[in-house]
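Source file: run-v8.tsv; contents: TSV, N, CA and C atoms.
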chain	number	residue	atom	x	y	z
A	17	MET	N	-13.54	0.17	30.23
A	17	MET	CA	-13.92	-0.48	29.02
A	17	MET	C	-13.42	-1.93	29.07
A	18	ASP	N	-14.31	-2.84	28.76
A	18	ASP	CA	-13.94	-4.26	28.73
A	18	ASP	C	-13.52	-4.64	27.32
A	19	ILE	N	-12.33	-5.17	27.21
A	19	ILE	CA	-11.81	-5.61	25.92
A	19	ILE	C	-11.48	-7.08	26.05
A	20	GLU	N	-11.99	-7.86	25.12
A	20	GLU	CA	-11.67	-9.28	25.10
A	20	GLU	C	-10.60	-9.54	24.06
A	21	PHE	N	-9.54	-10.21	24.48
A	21	PHE	CA	-8.48	-10.57	23.57
A	21	PHE	C	-8.66	-12.02	23.15
A	22	PRO	N	-8.46	-12.31	21.86
A	22	PRO	CA	-8.56	-13.71	21.43
A	22	PRO	C	-7.43	-14.53	22.04
A	23	THR	N	-7.65	-15.81	22.13
A	23	THR	CA	-6.58	-16.68	22.62
A	23	THR	C	-5.50	-16.76	21.54
A	24	ALA	N	-4.28	-17.00	21.97
A	24	ALA	CA	-3.15	-17.07	21.04
A	24	ALA	C	-3.33	-18.26	20.10
A	25	PRO	N	-2.88	-18.12	18.85
A	25	PRO	CA	-3.00	-19.23	17.90
A	25	PRO	C	-2.13	-20.41	18.33
A	26	ALA	N	-2.55	-21.60	17.93
A	26	ALA	CA	-1.79	-22.81	18.26
A	26	ALA	C	-0.42	-22.80	17.57
A	27	VAL	N	-0.38	-22.18	16.40
A	27	VAL	CA	0.87	-22.13	15.63
A	27	VAL	C	1.15	-20.67	15.29
A	28	VAL	N	2.34	-20.21	15.59
A	28	VAL	CA	2.73	-18.85	15.24
A	28	VAL	C	3.02	-18.80	13.74
A	29	PRO	N	2.43	-17.83	13.02
A	29	PRO	CA	2.70	-17.74	11.58
A	29	PRO	C	4.19	-17.53	11.31
A	30	PRO	N	4.70	-18.10	10.22
A	30	PRO	CA	6.12	-17.96	9.91
A	30	PRO	C	6.47	-16.56	9.41
A	31	ILE	N	7.74	-16.26	9.44
A	31	ILE	CA	8.24	-15.03	8.83
A	31	ILE	C	8.00	-15.11	7.33
A	32	VAL	N	7.56	-14.00	6.73
A	32	VAL	CA	7.38	-13.94	5.28
A	32	VAL	C	8.59	-13.21	4.72
A	33	ARG	N	9.39	-13.91	3.96
A	33	ARG	CA	10.63	-13.35	3.40
A	33	ARG	C	10.32	-12.38	2.25
A	34	ALA	N	11.12	-11.34	2.15
A	34	ALA	CA	10.92	-10.30	1.14
A	34	ALA	C	10.82	-10.88	-0.26
A	35	ASP	N	11.67	-11.84	-0.61
A	35	ASP	CA	11.66	-12.40	-1.96
A	35	ASP	C	10.35	-13.11	-2.28
A	36	GLU	N	9.62	-13.56	-1.26
A	36	GLU	CA	8.33	-14.22	-1.48
A	36	GLU	C	7.25	-13.22	-1.88
A	37	LEU	N	7.49	-11.93	-1.65
A	37	LEU	CA	6.48	-10.90	-1.88
A	37	LEU	C	6.75	-10.06	-3.13
A	38	ARG	N	7.84	-10.30	-3.83
A	38	ARG	CA	8.20	-9.49	-5.01
A	38	ARG	C	7.20	-9.72	-6.14
A	39	ARG	N	6.98	-8.65	-6.89
A	39	ARG	CA	6.08	-8.71	-8.04
A	39	ARG	C	6.93	-8.76	-9.30
A	40	GLY	N	7.17	-9.95	-9.82
A	40	GLY	CA	7.98	-10.11	-11.02
A	40	GLY	C	9.38	-9.54	-10.82
A	41	ALA	N	9.86	-8.78	-11.82
A	41	ALA	CA	11.20	-8.20	-11.76
A	41	ALA	C	11.21	-6.88	-10.99
A	42	SER	N	10.05	-6.41	-10.59
A	42	SER	CA	9.92	-5.15	-9.87
A	42	SER	C	10.54	-5.24	-8.48
A	43	ARG	N	10.91	-4.09	-7.92
A	43	ARG	CA	11.38	-4.04	-6.54
A	43	ARG	C	10.21	-3.92	-5.56
A	44	THR	N	9.00	-3.73	-6.09
A	44	THR	CA	7.81	-3.63	-5.25
A	44	THR	C	7.45	-4.99	-4.68
A	45	ARG	N	7.05	-4.99	-3.41
A	45	ARG	CA	6.60	-6.22	-2.76
A	45	ARG	C	5.14	-6.06	-2.38
A	46	THR	N	4.39	-7.16	-2.48
A	46	THR	CA	2.96	-7.15	-2.17
A	46	THR	C	2.67	-8.17	-1.07
A	47	PHE	N	2.08	-7.71	0.02
A	47	PHE	CA	1.69	-8.57	1.14
A	47	PHE	C	0.18	-8.58	1.20
A	48	ILE	N	-0.43	-9.74	0.95
A	48	ILE	CA	-1.88	-9.91	1.02
A	48	ILE	C	-2.18	-10.51	2.38
A	49	GLY	N	-2.76	-9.73	3.27
A	49	GLY	CA	-2.97	-10.15	4.65
A	49	GLY	C	-3.72	-11.46	4.80
A	50	ALA	N	-4.76	-11.67	3.99
A	50	ALA	CA	-5.58	-12.89	4.09
A	50	ALA	C	-4.76	-14.16	3.88
A	51	GLU	N	-3.67	-14.05	3.13
A	51	GLU	CA	-2.83	-15.21	2.86
A	51	GLU	C	-1.89	-15.53	4.02
A	52	HIS	N	-1.86	-14.63	5.01
A	52	HIS	CA	-0.91	-14.79	6.13
A	52	HIS	C	-1.58	-14.61	7.49
A	53	GLY	N	-2.90	-14.64	7.54
A	53	GLY	CA	-3.60	-14.49	8.81
A	53	GLY	C	-3.56	-13.09	9.38
A	54	ALA	N	-3.38	-12.08	8.53
A	54	ALA	CA	-3.29	-10.68	8.98
A	54	ALA	C	-4.52	-9.90	8.52
A	55	ALA	N	-4.89	-8.89	9.27
A	55	ALA	CA	-6.06	-8.07	8.95
A	55	ALA	C	-5.71	-6.88	8.05
A	56	VAL	N	-4.43	-6.69	7.71
A	56	VAL	CA	-3.99	-5.61	6.83
A	56	VAL	C	-3.17	-6.19	5.69
A	57	SER	N	-3.06	-5.41	4.63
A	57	SER	CA	-2.22	-5.76	3.48
A	57	SER	C	-1.32	-4.55	3.21
A	58	TYR	N	-0.28	-4.76	2.38
A	58	TYR	CA	0.55	-3.61	2.04
A	58	TYR	C	1.30	-3.83	0.73
A	59	PHE	N	1.70	-2.71	0.15
A	59	PHE	CA	2.70	-2.67	-0.90
A	59	PHE	C	3.93	-2.03	-0.27
A	60	PHE	N	5.10	-2.60	-0.48
A	60	PHE	CA	6.37	-1.94	-0.16
A	60	PHE	C	6.91	-1.49	-1.50
A	61	VAL	N	6.85	-0.19	-1.76
A	61	VAL	CA	7.18	0.37	-3.06
A	61	VAL	C	8.60	0.92	-3.05
A	62	ASP	N	9.33	0.64	-4.12
A	62	ASP	CA	10.70	1.12	-4.30
A	62	ASP	C	10.78	1.62	-5.73
A	63	ASN	N	10.56	2.95	-5.93
A	63	ASN	CA	10.44	3.55	-7.26
A	63	ASN	C	11.57	4.50	-7.60
A	64	GLU	N	11.86	4.56	-8.88
A	64	GLU	CA	12.80	5.55	-9.43
A	64	GLU	C	12.05	6.88	-9.63
A	65	PRO	N	12.78	7.98	-9.84
A	65	PRO	CA	12.13	9.28	-10.07
A	65	PRO	C	11.09	9.19	-11.19
A	66	GLY	N	9.94	9.82	-10.93
A	66	GLY	CA	8.85	9.85	-11.89
A	66	GLY	C	7.91	8.66	-11.82
A	67	GLN	N	8.32	7.58	-11.16
A	67	GLN	CA	7.47	6.40	-11.08
A	67	GLN	C	6.47	6.49	-9.93
A	68	GLY	N	5.39	5.74	-10.05
A	68	GLY	CA	4.38	5.65	-9.01
A	68	GLY	C	3.05	5.28	-9.61
A	69	PRO	N	2.11	4.86	-8.78
A	69	PRO	CA	0.82	4.41	-9.30
A	69	PRO	C	-0.04	5.57	-9.79
A	70	ASP	N	-0.81	5.31	-10.84
A	70	ASP	CA	-1.76	6.28	-11.35
A	70	ASP	C	-2.94	6.39	-10.38
A	71	ILE	N	-3.87	7.27	-10.71
A	71	ILE	CA	-5.00	7.55	-9.82
A	71	ILE	C	-5.91	6.32	-9.73
A	72	HIS	N	-6.24	5.97	-8.48
A	72	HIS	CA	-7.08	4.80	-8.19
A	72	HIS	C	-7.76	5.02	-6.84
A	73	ARG	N	-8.63	4.07	-6.44
A	73	ARG	CA	-9.26	4.18	-5.13
A	73	ARG	C	-9.51	2.80	-4.54
A	74	HIS	N	-9.82	2.78	-3.25
A	74	HIS	CA	-10.09	1.55	-2.50
A	74	HIS	C	-11.35	1.74	-1.67
A	75	PRO	N	-12.03	0.66	-1.30
A	75	PRO	CA	-13.20	0.78	-0.42
A	75	PRO	C	-12.82	0.85	1.06
A	76	TYR	N	-11.57	1.17	1.35
A	76	TYR	CA	-11.03	1.29	2.70
A	76	TYR	C	-9.92	2.33	2.65
A	77	ALA	N	-9.47	2.80	3.79
A	77	ALA	CA	-8.39	3.80	3.84
A	77	ALA	C	-7.05	3.17	3.47
A	78	GLU	N	-6.18	3.99	2.90
A	78	GLU	CA	-4.79	3.58	2.63
A	78	GLU	C	-3.87	4.62	3.28
A	79	THR	N	-2.88	4.14	4.02
A	79	THR	CA	-1.93	5.02	4.71
A	79	THR	C	-0.54	4.77	4.16
A	80	TRP	N	0.19	5.86	3.86
A	80	TRP	CA	1.55	5.77	3.35
A	80	TRP	C	2.53	6.24	4.42
A	81	VAL	N	3.61	5.49	4.55
A	81	VAL	CA	4.71	5.90	5.41
A	81	VAL	C	5.93	6.01	4.49
A	82	LEU	N	6.42	7.24	4.30
A	82	LEU	CA	7.58	7.44	3.43
A	82	LEU	C	8.85	7.11	4.20
A	83	LEU	N	9.56	6.14	3.69
A	83	LEU	CA	10.78	5.67	4.34
A	83	LEU	C	12.03	6.35	3.79
A	84	GLU	N	11.97	6.69	2.50
A	84	GLU	CA	13.12	7.32	1.83
A	84	GLU	C	12.61	8.08	0.63
A	85	GLY	N	13.15	9.27	0.38
A	85	GLY	CA	12.83	10.02	-0.82
A	85	GLY	C	11.72	11.05	-0.63
A	86	GLU	N	11.17	11.46	-1.79
A	86	GLU	CA	10.13	12.49	-1.84
A	86	GLU	C	9.01	12.02	-2.73
A	87	ALA	N	7.77	12.35	-2.35
A	87	ALA	CA	6.61	11.95	-3.15
A	87	ALA	C	5.65	13.12	-3.31
A	88	ARG	N	5.05	13.19	-4.47
A	88	ARG	CA	3.93	14.10	-4.71
A	88	ARG	C	2.69	13.22	-4.68
A	89	ILE	N	1.85	13.44	-3.68
A	89	ILE	CA	0.66	12.64	-3.46
A	89	ILE	C	-0.56	13.43	-3.89
A	90	THR	N	-1.48	12.78	-4.58
A	90	THR	CA	-2.74	13.41	-4.97
A	90	THR	C	-3.87	12.64	-4.29
A	91	ILE	N	-4.72	13.38	-3.56
A	91	ILE	CA	-5.89	12.79	-2.92
A	91	ILE	C	-7.10	13.65	-3.29
A	92	ASP	N	-8.03	13.05	-4.05
A	92	ASP	CA	-9.23	13.76	-4.51
A	92	ASP	C	-8.90	15.14	-5.10
A	93	GLY	N	-7.86	15.18	-5.94
A	93	GLY	CA	-7.49	16.40	-6.64
A	93	GLY	C	-6.58	17.34	-5.88
A	94	GLU	N	-6.39	17.11	-4.59
A	94	GLU	CA	-5.49	17.95	-3.79
A	94	GLU	C	-4.09	17.35	-3.83
A	95	THR	N	-3.07	18.20	-4.03
A	95	THR	CA	-1.69	17.75	-4.13
A	95	THR	C	-0.96	18.02	-2.83
A	96	LEU	N	-0.26	17.00	-2.36
A	96	LEU	CA	0.53	17.09	-1.13
A	96	LEU	C	1.96	16.67	-1.44
A	97	ASP	N	2.93	17.35	-0.86
A	97	ASP	CA	4.33	16.97	-1.02
A	97	ASP	C	4.82	16.38	0.29
A	98	ALA	N	5.36	15.17	0.22
A	98	ALA	CA	5.81	14.46	1.41
A	98	ALA	C	7.27	14.06	1.26
A	99	VAL	N	7.96	13.95	2.39
A	99	VAL	CA	9.37	13.53	2.42
A	99	VAL	C	9.53	12.39	3.41
A	100	ALA	N	10.69	11.78	3.40
A	100	ALA	CA	10.98	10.67	4.30
A	100	ALA	C	10.59	11.02	5.73
A	101	GLY	N	9.90	10.10	6.38
A	101	GLY	CA	9.43	10.31	7.75
A	101	GLY	C	7.98	10.75	7.83
A	102	ASP	N	7.43	11.25	6.72
A	102	ASP	CA	6.04	11.72	6.71
A	102	ASP	C	5.07	10.55	6.55
A	103	THR	N	3.84	10.77	7.01
A	103	THR	CA	2.74	9.81	6.86
A	103	THR	C	1.54	10.55	6.30
A	104	ALA	N	0.85	9.92	5.36
A	104	ALA	CA	-0.37	10.50	4.79
A	104	ALA	C	-1.40	9.38	4.63
A	105	THR	N	-2.68	9.75	4.67
A	105	THR	CA	-3.75	8.77	4.53
A	105	THR	C	-4.78	9.26	3.54
A	106	ALA	N	-5.19	8.36	2.64
A	106	ALA	CA	-6.31	8.61	1.73
A	106	ALA	C	-7.53	7.92	2.33
A	107	PRO	N	-8.61	8.66	2.55
A	107	PRO	CA	-9.81	8.04	3.11
A	107	PRO	C	-10.42	7.01	2.15
A	108	ALA	N	-11.23	6.13	2.68
A	108	ALA	CA	-11.93	5.14	1.86
A	108	ALA	C	-12.69	5.85	0.74
A	109	GLY	N	-12.56	5.33	-0.48
A	109	GLY	CA	-13.27	5.88	-1.63
A	109	GLY	C	-12.63	7.07	-2.30
A	110	ALA	N	-11.59	7.65	-1.71
A	110	ALA	CA	-10.94	8.84	-2.29
A	110	ALA	C	-10.04	8.42	-3.45
A	111	TRP	N	-10.13	9.14	-4.57
A	111	TRP	CA	-9.23	8.90	-5.70
A	111	TRP	C	-7.85	9.42	-5.30
A	112	HIS	N	-6.82	8.61	-5.50
A	112	HIS	CA	-5.48	9.01	-5.06
A	112	HIS	C	-4.40	8.31	-5.88
A	113	GLY	N	-3.20	8.82	-5.74
A	113	GLY	CA	-2.01	8.23	-6.36
A	113	GLY	C	-0.81	9.01	-5.90
A	114	PHE	N	0.37	8.56	-6.28
A	114	PHE	CA	1.58	9.30	-5.93
A	114	PHE	C	2.65	9.00	-6.97
A	115	LYS	N	3.60	9.91	-7.04
A	115	LYS	CA	4.76	9.77	-7.92
A	115	LYS	C	6.01	10.15	-7.14
A	116	ASN	N	7.11	9.53	-7.48
A	116	ASN	CA	8.40	9.91	-6.92
A	116	ASN	C	8.75	11.28	-7.51
A	117	SER	N	8.75	12.30	-6.68
A	117	SER	CA	9.02	13.67	-7.14
A	117	SER	C	10.45	14.10	-6.87
A	118	GLY	N	11.25	13.21	-6.33
A	118	GLY	CA	12.63	13.55	-6.00
A	118	GLY	C	13.61	13.10	-7.08
A	119	SER	N	14.88	13.24	-6.77
A	119	SER	CA	15.93	12.86	-7.72
A	119	SER	C	16.51	11.48	-7.40
A	120	GLY	N	16.14	10.92	-6.26
A	120	GLY	CA	16.62	9.59	-5.86
A	120	GLY	C	15.46	8.61	-5.76
A	121	ARG	N	15.73	7.48	-5.18
A	121	ARG	CA	14.69	6.46	-5.03
A	121	ARG	C	13.65	6.87	-4.00
A	122	LEU	N	12.43	6.40	-4.22
A	122	LEU	CA	11.33	6.57	-3.28
A	122	LEU	C	11.00	5.20	-2.72
A	123	ARG	N	11.08	5.10	-1.39
A	123	ARG	CA	10.67	3.86	-0.72
A	123	ARG	C	9.53	4.22	0.21
A	124	VAL	N	8.40	3.57	0.01
A	124	VAL	CA	7.20	3.90	0.78
A	124	VAL	C	6.44	2.63	1.12
A	125	LEU	N	5.93	2.56	2.34
A	125	LEU	CA	5.09	1.46	2.77
A	125	LEU	C	3.65	1.93	2.64
A	126	CYS	N	2.88	1.25	1.80
A	126	CYS	CA	1.49	1.60	1.50
A	126	CYS	C	0.59	0.60	2.22
A	127	ILE	N	0.02	1.00	3.34
A	127	ILE	CA	-0.74	0.11	4.21
A	127	ILE	C	-2.22	0.17	3.86
A	128	HIS	N	-2.78	-0.99	3.54
A	128	HIS	CA	-4.19	-1.11	3.17
A	128	HIS	C	-4.96	-1.67	4.36
A	129	ALA	N	-5.99	-0.95	4.80
A	129	ALA	CA	-6.77	-1.36	5.97
A	129	ALA	C	-7.77	-2.46	5.57
A	130	SER	N	-7.21	-3.54	5.03
A	130	SER	CA	-8.02	-4.66	4.55
A	130	SER	C	-7.12	-5.88	4.44
A	131	ASP	N	-7.69	-7.06	4.61
A	131	ASP	CA	-6.88	-8.27	4.44
A	131	ASP	C	-6.67	-8.62	2.97
A	132	ARG	N	-7.28	-7.83	2.07
A	132	ARG	CA	-7.09	-7.98	0.63
A	132	ARG	C	-6.88	-6.59	0.03
A	133	ILE	N	-6.16	-6.51	-1.06
A	133	ILE	CA	-5.98	-5.25	-1.76
A	133	ILE	C	-7.03	-5.21	-2.87
A	134	ILE	N	-7.90	-4.21	-2.78
A	134	ILE	CA	-8.98	-4.04	-3.75
A	134	ILE	C	-8.84	-2.64	-4.30
A	135	GLN	N	-8.63	-2.51	-5.60
A	135	GLN	CA	-8.48	-1.17	-6.17
A	135	GLN	C	-9.19	-1.06	-7.50
A	136	GLU	N	-9.69	0.15	-7.73
A	136	GLU	CA	-10.32	0.51	-9.00
A	136	GLU	C	-9.50	1.65	-9.58
A	137	TRP	N	-9.04	1.49	-10.82
A	137	TRP	CA	-8.24	2.52	-11.48
A	137	TRP	C	-9.16	3.54	-12.12
A	138	GLN	N	-8.84	4.82	-12.01
A	138	GLN	CA	-9.69	5.88	-12.54
A	138	GLN	C	-9.87	5.75	-14.05
A	139	ASP	N	-8.84	5.29	-14.76
A	139	ASP	CA	-8.96	5.15	-16.21
A	139	ASP	C	-9.63	3.84	-16.64
A	140	GLU	N	-10.05	3.00	-15.67
A	140	GLU	CA	-10.78	1.77	-15.94
A	140	GLU	C	-11.93	1.63	-14.95
A	141	PRO	N	-12.89	2.57	-14.97
A	141	PRO	CA	-13.96	2.53	-13.97
A	141	PRO	C	-14.75	1.22	-14.03
A	142	GLY	N	-15.09	0.73	-12.85
A	142	GLY	CA	-15.88	-0.49	-12.76
A	142	GLY	C	-15.08	-1.78	-12.82
A	143	VAL	N	-13.78	-1.68	-13.13
A	143	VAL	CA	-12.93	-2.87	-13.20
A	143	VAL	C	-12.10	-2.92	-11.93
A	144	LEU	N	-12.32	-3.97	-11.13
A	144	LEU	CA	-11.58	-4.07	-9.88
A	144	LEU	C	-10.30	-4.87	-10.10
A	145	ASP	N	-9.21	-4.38	-9.54
A	145	ASP	CA	-7.91	-5.03	-9.58
A	145	ASP	C	-7.67	-5.60	-8.18
A	146	ILE	N	-7.65	-6.93	-8.06
A	146	ILE	CA	-7.46	-7.56	-6.77
A	146	ILE	C	-6.26	-8.50	-6.89
A	147	PRO	N	-5.05	-7.98	-6.61
A	147	PRO	CA	-3.85	-8.82	-6.78
A	147	PRO	C	-3.80	-9.96	-5.77
A	148	THR	N	-3.14	-11.02	-6.17
A	148	THR	CA	-2.84	-12.13	-5.27
A	148	THR	C	-1.34	-12.37	-5.35
A	149	SER	N	-0.84	-13.22	-4.50
A	149	SER	CA	0.61	-13.48	-4.52
A	149	SER	C	0.99	-14.45	-5.61
A	150	ASP	N	0.03	-15.03	-6.31
A	150	ASP	CA	0.33	-16.00	-7.39
A	150	ASP	C	1.00	-15.35	-8.57

Could you spell out this file's structure in structure tokens?
Amino acid sequence: MDIEFPTAPAVVPPIVRADELRRGASRTRTFIGAEHGAAVSYFFVDNEPGQGPDIHRHPYAETWVLLEGEARITIDGETLDAVAGDTATAPAGAWHGFKNSGSGRLRVLCIHASDRIIQEWQDEPGVLDIPTSD
């Protein structure tokens, strides 16, 4: 198989510091790939017990890597229980969400297979939420 690699960029992108990605007073960080020359975006979530995003969907797959804690994940009505070290993926278009189901903090990397985060919340159909770093 022939694979062509692009030439290296003239300038290496700088390190993006964690404080640059924080969302207000929240411990969650948001990385919008398009703003940094990356083909993926992510949320780095740091939630207390019971916290987590409500049901929503994306036009691309989202993959979670649990770094610490326990999560109850819902994908198209199916419930999955995950612990630190586990990985789960919601397919493109699948309604999904998760909550911290443990007694300690939940830290999870939510990887979006897109250079932008595009989400539609189930309780607000037709309204797209497209966060930026501003």

Pick from A:Asp18, A:Glu136, A:Asp145, A:Glu36 nearest to A:Pro75, counting all atoms listed in the file = A:Glu136

ask   = When DSSP works through the backbone of this structure, what residues of chain A end up as strand (DSSP E), shown as a ChimeraX atom specification?
value = /A:45-47,57-63,72-73,78-84,86-91,94-99,103-106,112-116,122-128,135-137,144-145

Within 8 Å of A:Glu86 using only N, CA and C atoms, minus same-chain residues under 6 positions, as number ranges by chain = A: 97-100, 115-123

May I have the selected residues written with N, CA and C atoms, as a PDB file, in the coordinates of the input?
ATOM      1  N   ASP A  97       2.930  17.350  -0.860  1.00  0.00           N
ATOM      2  CA  ASP A  97       4.330  16.970  -1.020  1.00  0.00           C
ATOM      3  C   ASP A  97       4.820  16.380   0.290  1.00  0.00           C
ATOM      4  N   ALA A  98       5.360  15.170   0.220  1.00  0.00           N
ATOM      5  CA  ALA A  98       5.810  14.460   1.410  1.00  0.00           C
ATOM      6  C   ALA A  98       7.270  14.060   1.260  1.00  0.00           C
ATOM      7  N   VAL A  99       7.960  13.950   2.390  1.00  0.00           N
ATOM      8  CA  VAL A  99       9.370  13.530   2.420  1.00  0.00           C
ATOM      9  C   VAL A  99       9.530  12.390   3.410  1.00  0.00           C
ATOM     10  N   ALA A 100      10.690  11.780   3.400  1.00  0.00           N
ATOM     11  CA  ALA A 100      10.980  10.670   4.300  1.00  0.00           C
ATOM     12  C   ALA A 100      10.590  11.020   5.730  1.00  0.00           C
ATOM     13  N   LYS A 115       3.600   9.910  -7.040  1.00  0.00           N
ATOM     14  CA  LYS A 115       4.760   9.770  -7.920  1.00  0.00           C
ATOM     15  C   LYS A 115       6.010  10.150  -7.140  1.00  0.00           C
ATOM     16  N   ASN A 116       7.110   9.530  -7.480  1.00  0.00           N
ATOM     17  CA  ASN A 116       8.400   9.910  -6.920  1.00  0.00           C
ATOM     18  C   ASN A 116       8.750  11.280  -7.510  1.00  0.00           C
ATOM     19  N   SER A 117       8.750  12.300  -6.680  1.00  0.00           N
ATOM     20  CA  SER A 117       9.020  13.670  -7.140  1.00  0.00           C
ATOM     21  C   SER A 117      10.450  14.100  -6.870  1.00  0.00           C
ATOM     22  N   GLY A 118      11.250  13.210  -6.330  1.00  0.00           N
ATOM     23  CA  GLY A 118      12.630  13.550  -6.000  1.00  0.00           C
ATOM     24  C   GLY A 118      13.610  13.100  -7.080  1.00  0.00           C
ATOM     25  N   SER A 119      14.880  13.240  -6.770  1.00  0.00           N
ATOM     26  CA  SER A 119      15.930  12.860  -7.720  1.00  0.00           C
ATOM     27  C   SER A 119      16.510  11.480  -7.400  1.00  0.00           C
ATOM     28  N   GLY A 120      16.140  10.920  -6.260  1.00  0.00           N
ATOM     29  CA  GLY A 120      16.620   9.590  -5.860  1.00  0.00           C
ATOM     30  C   GLY A 120      15.460   8.610  -5.760  1.00  0.00           C
ATOM     31  N   ARG A 121      15.730   7.480  -5.180  1.00  0.00           N
ATOM     32  CA  ARG A 121      14.690   6.460  -5.030  1.00  0.00           C
ATOM     33  C   ARG A 121      13.650   6.870  -4.000  1.00  0.00           C
ATOM     34  N   LEU A 122      12.430   6.400  -4.220  1.00  0.00           N
ATOM     35  CA  LEU A 122      11.330   6.570  -3.280  1.00  0.00           C
ATOM     36  C   LEU A 122      11.000   5.200  -2.720  1.00  0.00           C
ATOM     37  N   ARG A 123      11.080   5.100  -1.390  1.00  0.00           N
ATOM     38  CA  ARG A 123      10.670   3.860  -0.720  1.00  0.00           C
ATOM     39  C   ARG A 123       9.530   4.220   0.210  1.00  0.00           C
TER      40      ARG A 123
END

ask   = Which is closer to A:His112 than all the others in A:Val28, A:Arg39, A:Cys126, A:Asp92, using only C-alpha atoms?
value = A:Asp92

request  = Work out how far apart atom CA of A:Ile146 and atom CA of A:Glu78 are and give it in Å to one decimal.
outcome  = 14.8 Å

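Using only N, CA and C atoms for every distance, the candidate list A:Leu82, A:Ala54, A:Ala34, A:Ile91 yields A:Leu82 as the residue closest to A:Leu125.
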
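When only N, CA and C atoms are used to measure the gap to A:Arg132, the shortest distance among A:Gly109, A:Gly49, A:Pro22, A:Gly40 belongs to A:Gly49.
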
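The spacing separating atom CA of A:Glu51 from atom C of A:Leu37 amounts to 12.4 Å.
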
key: All residues 7 Å or closer to A:Gln138, all atoms listed in the file, same chain fewer than 6 positions away omitted, as an MDAnalysis selection string   = chainID A and resid 70:73

query = Neighbours of A:Ile48 within 8 Å (all atoms listed in the file; same-chain residues fewer than 5 positions away dropped), as JSON, numbers by chain?
reply = {"A": [37, 53, 54, 55, 56, 57, 58, 59, 130, 131, 132, 133, 147, 148, 149]}

ask   = Any idea what the distance is between atom C of A:Phe60 and atom C of A:Glu84?
value = 11.3 Å

request  = Check the smallest atom-to-atom distance from each of A:Ala50, A:Val124, A:Leu96, A:Ala106 to A:Leu83 using all atoms listed in the file, then report the winner.
outcome  = A:Val124
